[in-house]
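Source file: protein-v4.cif; contents: mmCIF, C-alpha atoms.
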```
data_my_file
loop_
_atom_site.label_atom_id
_atom_site.label_comp_id
_atom_site.auth_asym_id
_atom_site.auth_seq_id
_atom_site.Cartn_x
_atom_site.Cartn_y
_atom_site.Cartn_z
CA MET M 1 6.98 4.55 -13.84
CA THR M 2 6.62 0.81 -13.75
CA ASP M 3 5.53 -0.22 -10.30
CA ASN M 4 4.24 -3.70 -9.67
CA ARG M 5 3.40 -3.27 -6.00
CA THR M 6 -0.13 -4.46 -5.53
CA ARG M 7 -2.13 -4.90 -2.38
CA VAL M 8 -3.58 -8.23 -3.47
CA HIS M 9 -2.01 -10.59 -5.96
CA ASP M 10 -5.12 -11.51 -7.87
CA PRO M 11 -4.54 -13.31 -11.18
CA LEU M 12 -7.95 -12.16 -12.38
CA PHE M 13 -6.65 -8.57 -12.50
CA ALA M 14 -3.09 -9.28 -13.64
CA PRO M 15 -1.94 -8.33 -17.13
CA PRO M 16 -1.59 -11.39 -19.33
CA THR M 17 2.13 -11.12 -20.16
CA ALA M 18 3.32 -7.59 -19.43
CA GLU M 19 3.96 -5.51 -16.35
CA TRP M 20 1.59 -2.73 -15.38
CA LYS M 21 2.75 0.79 -16.14
CA ARG M 22 1.63 3.04 -13.30
CA LEU M 23 0.48 6.64 -13.13
CA HIS M 24 2.82 9.47 -12.27
CA PRO M 25 3.05 10.19 -8.50
CA ARG M 26 1.90 13.78 -9.13
CA TYR M 27 -1.55 12.37 -9.91
CA ARG M 28 -1.84 11.65 -6.17
CA THR M 29 -1.27 15.37 -5.53
CA LEU M 30 -4.04 16.23 -8.00
CA ARG M 31 -6.49 13.85 -6.36
CA ARG M 32 -5.56 15.01 -2.86
CA ALA M 33 -6.19 18.60 -3.92
CA GLY M 34 -9.62 17.45 -5.05
CA VAL M 35 -10.24 15.95 -1.61
CA LEU M 36 -9.30 19.21 0.12
CA LEU M 37 -11.28 21.40 -2.29
CA GLY M 38 -14.34 19.22 -2.79
CA TRP M 39 -15.26 17.29 0.33
CA PRO M 40 -15.43 20.19 2.82
CA TRP M 41 -18.23 21.79 0.76
CA LEU M 42 -20.39 18.73 1.36
CA PHE M 43 -19.94 19.01 5.12
CA ILE M 44 -20.14 22.78 5.63
CA PRO M 45 -23.91 23.26 5.12
CA PRO M 46 -25.08 20.43 7.42
CA THR M 47 -22.49 21.42 10.03
CA VAL M 48 -23.60 25.05 10.07
CA LEU M 49 -27.28 24.09 10.10
CA GLY M 50 -26.71 21.50 12.81
CA TRP M 51 -24.77 23.99 14.92
CA TRP M 52 -27.32 26.80 14.64
CA LEU M 53 -30.64 24.99 14.31
CA VAL M 54 -30.24 21.88 16.44
CA ASP M 55 -27.39 21.96 18.90
CA ARG M 56 -23.79 23.01 18.92
CA TRP M 57 -22.82 19.41 19.85
CA LEU M 58 -24.31 18.20 16.60
CA GLY M 59 -22.15 20.76 14.81
CA ILE M 60 -19.07 19.56 16.69
CA ALA M 61 -19.93 15.93 15.90
CA LEU M 62 -20.28 16.77 12.20
CA ILE M 63 -16.92 18.58 12.25
CA VAL M 64 -15.29 15.49 13.74
CA VAL M 65 -16.95 13.27 11.12
CA ALA M 66 -15.88 15.65 8.34
CA VAL M 67 -12.27 15.81 9.49
CA GLY M 68 -12.18 12.01 9.86
CA TRP M 69 -13.69 11.42 6.42
CA ILE M 70 -11.38 13.89 4.69
CA ALA M 71 -8.33 12.45 6.49
CA TRP M 72 -9.34 8.93 5.46
CA ARG M 73 -9.84 9.99 1.82
CA TRP M 74 -6.44 11.75 1.89
CA TRP M 75 -4.73 8.68 3.30
CA ARG M 76 -6.43 6.24 0.85
CA MET M 77 -5.47 8.35 -2.17
CA ASP M 78 -2.04 6.69 -2.33
CA ALA M 79 -3.62 3.23 -2.66
CA LEU M 80 -6.17 4.51 -5.16
CA VAL M 81 -3.46 5.95 -7.40
CA ARG M 82 -1.43 2.73 -7.11
CA SER M 83 -4.48 0.73 -8.20
CA TRP M 84 -4.37 2.33 -11.66
CA GLY M 85 -2.28 0.65 -14.31
CA TYR M 86 -2.12 -0.02 -18.02
CA ALA M 87 -0.31 -2.54 -20.16
CA GLU M 88 0.30 -2.43 -23.90
CA LEU M 89 0.20 -5.87 -25.45
CA ALA M 90 0.39 -6.97 -29.07
CA ASP M 91 -3.35 -6.75 -29.78
CA ASP M 92 -4.95 -5.05 -26.77
CA LEU M 93 -4.50 -2.27 -24.27
CA TYR M 94 -5.29 -3.37 -20.71
CA VAL M 95 -6.42 -0.83 -18.12
CA THR M 96 -7.09 -1.60 -14.45
CA HIS M 97 -8.14 0.44 -11.45
CA GLY M 98 -10.21 0.40 -8.30
CA LEU M 99 -9.87 -0.50 -4.65
CA TRP M 100 -13.22 -1.87 -3.52
CA PHE M 101 -14.64 -2.47 -6.94
CA ARG M 102 -11.76 -3.49 -9.16
CA ARG M 103 -11.99 -3.23 -12.90
CA LEU M 104 -9.90 -4.69 -15.70
CA MET M 105 -10.61 -3.64 -19.25
CA ALA M 106 -9.05 -5.05 -22.41
CA VAL M 107 -9.48 -2.72 -25.37
CA PRO M 108 -8.58 -4.25 -28.74
CA TYR M 109 -6.57 -1.79 -30.81
CA GLY M 110 -8.73 -2.49 -33.85
CA ARG M 111 -11.91 -1.36 -32.02
CA MET M 112 -10.61 2.08 -31.07
CA GLN M 113 -12.27 4.94 -32.92
CA VAL M 114 -10.84 8.01 -31.19
CA VAL M 115 -7.84 8.64 -28.96
CA GLU M 116 -8.06 11.91 -27.02
CA VAL M 117 -5.53 13.68 -24.82
CA GLU M 118 -6.93 16.10 -22.24
CA ALA M 119 -5.35 18.30 -19.59
CA GLY M 120 -7.20 20.83 -17.46
CA PRO M 121 -5.47 23.83 -15.90
CA ILE M 122 -4.56 22.04 -12.67
CA GLU M 123 -3.32 18.99 -14.58
CA ARG M 124 -1.19 21.20 -16.81
CA ALA M 125 0.22 23.01 -13.77
CA LEU M 126 1.24 19.60 -12.35
CA GLY M 127 2.61 18.40 -15.71
CA LEU M 128 -0.07 15.73 -16.23
CA ALA M 129 -2.47 14.67 -18.97
CA THR M 130 -5.26 12.13 -19.50
CA VAL M 131 -5.58 9.76 -22.45
CA LYS M 132 -9.13 8.72 -23.36
CA LEU M 133 -10.00 5.91 -25.75
CA VAL M 134 -13.37 5.85 -27.46
CA THR M 135 -14.56 2.60 -28.97
CA ALA M 136 -17.68 1.49 -30.82
CA SER M 137 -19.18 0.41 -27.49
CA ALA M 138 -19.72 3.07 -24.83
CA SER M 139 -19.13 0.49 -22.09
CA THR M 140 -15.56 -0.15 -23.22
CA ASP M 141 -14.29 3.42 -23.34
CA ALA M 142 -11.10 3.60 -21.32
CA THR M 143 -9.36 6.47 -19.56
CA ILE M 144 -5.77 6.63 -18.34
CA PRO M 145 -5.26 9.71 -16.14
CA GLY M 146 -2.11 11.02 -14.51
CA LEU M 147 0.38 10.63 -17.35
CA PRO M 148 3.28 12.99 -18.04
CA PRO M 149 2.65 14.87 -21.32
CA GLU M 150 5.47 13.01 -23.10
CA GLU M 151 3.99 9.61 -22.16
CA ALA M 152 0.48 10.77 -23.09
CA ALA M 153 1.72 11.91 -26.52
CA ARG M 154 3.66 8.67 -27.04
CA LEU M 155 0.65 6.57 -26.02
CA ARG M 156 -1.69 8.66 -28.21
CA ASP M 157 0.56 8.21 -31.25
CA ARG M 158 1.08 4.49 -30.65
CA LEU M 159 -2.61 3.79 -30.07
CA THR M 160 -3.62 5.83 -33.12
CA GLU M 161 -1.12 3.97 -35.29
CA LEU M 162 -2.18 0.57 -33.97
CA GLY M 163 -5.85 1.50 -34.30
CA GLU M 164 -5.37 2.46 -37.96
CA THR M 165 -3.44 -0.68 -38.87
CA ARG M 166 -5.80 -3.05 -37.04
CA THR M 167 -9.21 -1.63 -37.79
CA SER M 168 -11.66 -4.49 -37.51
CA GLY M 169 -14.56 -3.80 -39.83
CA LEU M 170 -15.86 -0.52 -38.42
#
```

Spit out the file's structure as structure tokens when you get a sec.
Amino acid sequence: MTDNRTRVHDPLFAPPTAEWKRLHPRYRTLRRAGVLLGWPWLFIPPTVLGWWLVDRWLGIALIVVAVGWIAWRWWRMDALVRSWGYAELADDLYVTHGLWFRRLMAVPYGRMQVVEVEAGPIERALGLATVKLVTASASTDATIPGLPPEEAARLRDRLTELGETRTSGL
């Protein structure tokens, strides 16, 4: 799953020496399902109220806005999923994500306190899991979603082992 396609080659968000490992493509399906199941519920009440209480043209305008917004979110999901990446280096785990507001996090193995693997019912149905890292600082907790269960288990075991051998005075 290594994919180094990036929209912008920005050295600030590049891994120091390794290539980014990317999320599984099925994560895009999960996020797109969220778009189809979640966003319409935000538009239905104002559309119905606009249609009945104000004018049917307001309702039609809100339907057009809703369809446009949902289509845009659907289309951008591919880029959003591609923006996620992680790199395992000798002393740190690097995690990056984001389109408008990009984020790069370096988590030292020795600062990790807990490594969790989670998978909800839809994730399990798609064969995906999420790895969460908890550190001493709440601002440096990292999450890597959209991993196949085998990769999540491998990453969990590796991070746990590295965390135990490199504990830095916690």

note = Shortest contact to M:Arg73, candidates M:Val107, M:Leu36, M:Leu159, M:Val54, atoms counted only C-alpha atoms, goes to M:Leu36

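Taking all atoms listed in the file into account, M:Ala129 lies nearest to M:His24 out of the set M:Trp57, M:Asp157, M:Gly50, M:His24.
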
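Take the PyMOL selection byres ((chain M and resi 40) around 10) and apply it to this file: it picks Val35, Leu36, Leu37, Gly38, Trp39, Trp41, Leu42, Phe43, Ile44, Pro45, Ile63, Ala66, Val67, Trp69 and Ile70 of chain M.
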
request  = Please check which residues have atoms at most 6 Å from (-8.9, -5.8, -25.0) in the file's coordinates, counting only C-alpha atoms, and write them as a ChimeraX atom specification.
outcome  = /M:92-93,106-108

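Running the PyMOL selection byres ((chain M and resi 59) around 8) on this file leaves M:Pro46, M:Thr47, M:Val48, M:Leu49, M:Gly50, M:Trp51, M:Trp52, M:Asp55, M:Arg56, M:Trp57, M:Leu58, M:Ile60, M:Ala61, M:Leu62, M:Ile63 selected.
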
Select all residues near (-2.0, 12.4, -10.7) (cut-off 8 Å, inclusive, file coordinates), counting all atoms listed in the file, and output them as a compact mmCIF listing (two decimals) with C-alpha atoms, in the frame of the given file.
```txt
# COMPACT_ATOMS: atom_id res chain seq x y z
CA LEU M 23 0.48 6.64 -13.13
CA HIS M 24 2.82 9.47 -12.27
CA PRO M 25 3.05 10.19 -8.50
CA ARG M 26 1.90 13.78 -9.13
CA TYR M 27 -1.55 12.37 -9.91
CA ARG M 28 -1.84 11.65 -6.17
CA THR M 29 -1.27 15.37 -5.53
CA LEU M 30 -4.04 16.23 -8.00
CA ARG M 31 -6.49 13.85 -6.36
CA VAL M 81 -3.46 5.95 -7.40
CA GLU M 123 -3.32 18.99 -14.58
CA LEU M 128 -0.07 15.73 -16.23
CA PRO M 145 -5.26 9.71 -16.14
CA GLY M 146 -2.11 11.02 -14.51
CA LEU M 147 0.38 10.63 -17.35
```

request  = Convert the output of the PyMOL selection byres ((chain M and resi 160) around 10) on the shown file into explicit residues, formatted as a list in words.
outcome  = Tyr109, Gly110, Met112, Gln113, Val114, Val115, Glu116, Leu133, Arg154, Leu155, Arg156, Asp157, Arg158, Leu159, Glu161, Leu162, Gly163, Glu164, Thr165 and Arg166 of chain M

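Going from atom CA of M:Ala153 over to atom CA of M:Val117, you cover 7.7 Å.
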
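Shortest separation to M:Trp75 among M:Ala119, M:Arg32, M:Lys21, M:Ile144 occurs at residue M:Arg32, atoms counted being only C-alpha atoms.
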
task = Could you check how far atom CA of M:Phe101 sits from atom CA of M:Ile122, in Å to one decimal?
result = 27.1 Å

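Minimum distance to M:Trp100 across M:Thr143, M:Leu80, M:Glu19, M:Val65 (counting all atoms listed in the file) occurs at M:Leu80.
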
Could you work out an axis-aligned bounding box for all listed atoms of stretch 116-132 of chain M, with 4 Å added on each of the six sides, and give its centre and edge lengths in Å to one decimal, as JSON?
```
{"center_x": -3.3, "center_y": 16.3, "center_z": -19.7, "size_x": 19.7, "size_y": 23.1, "size_z": 22.7}
```
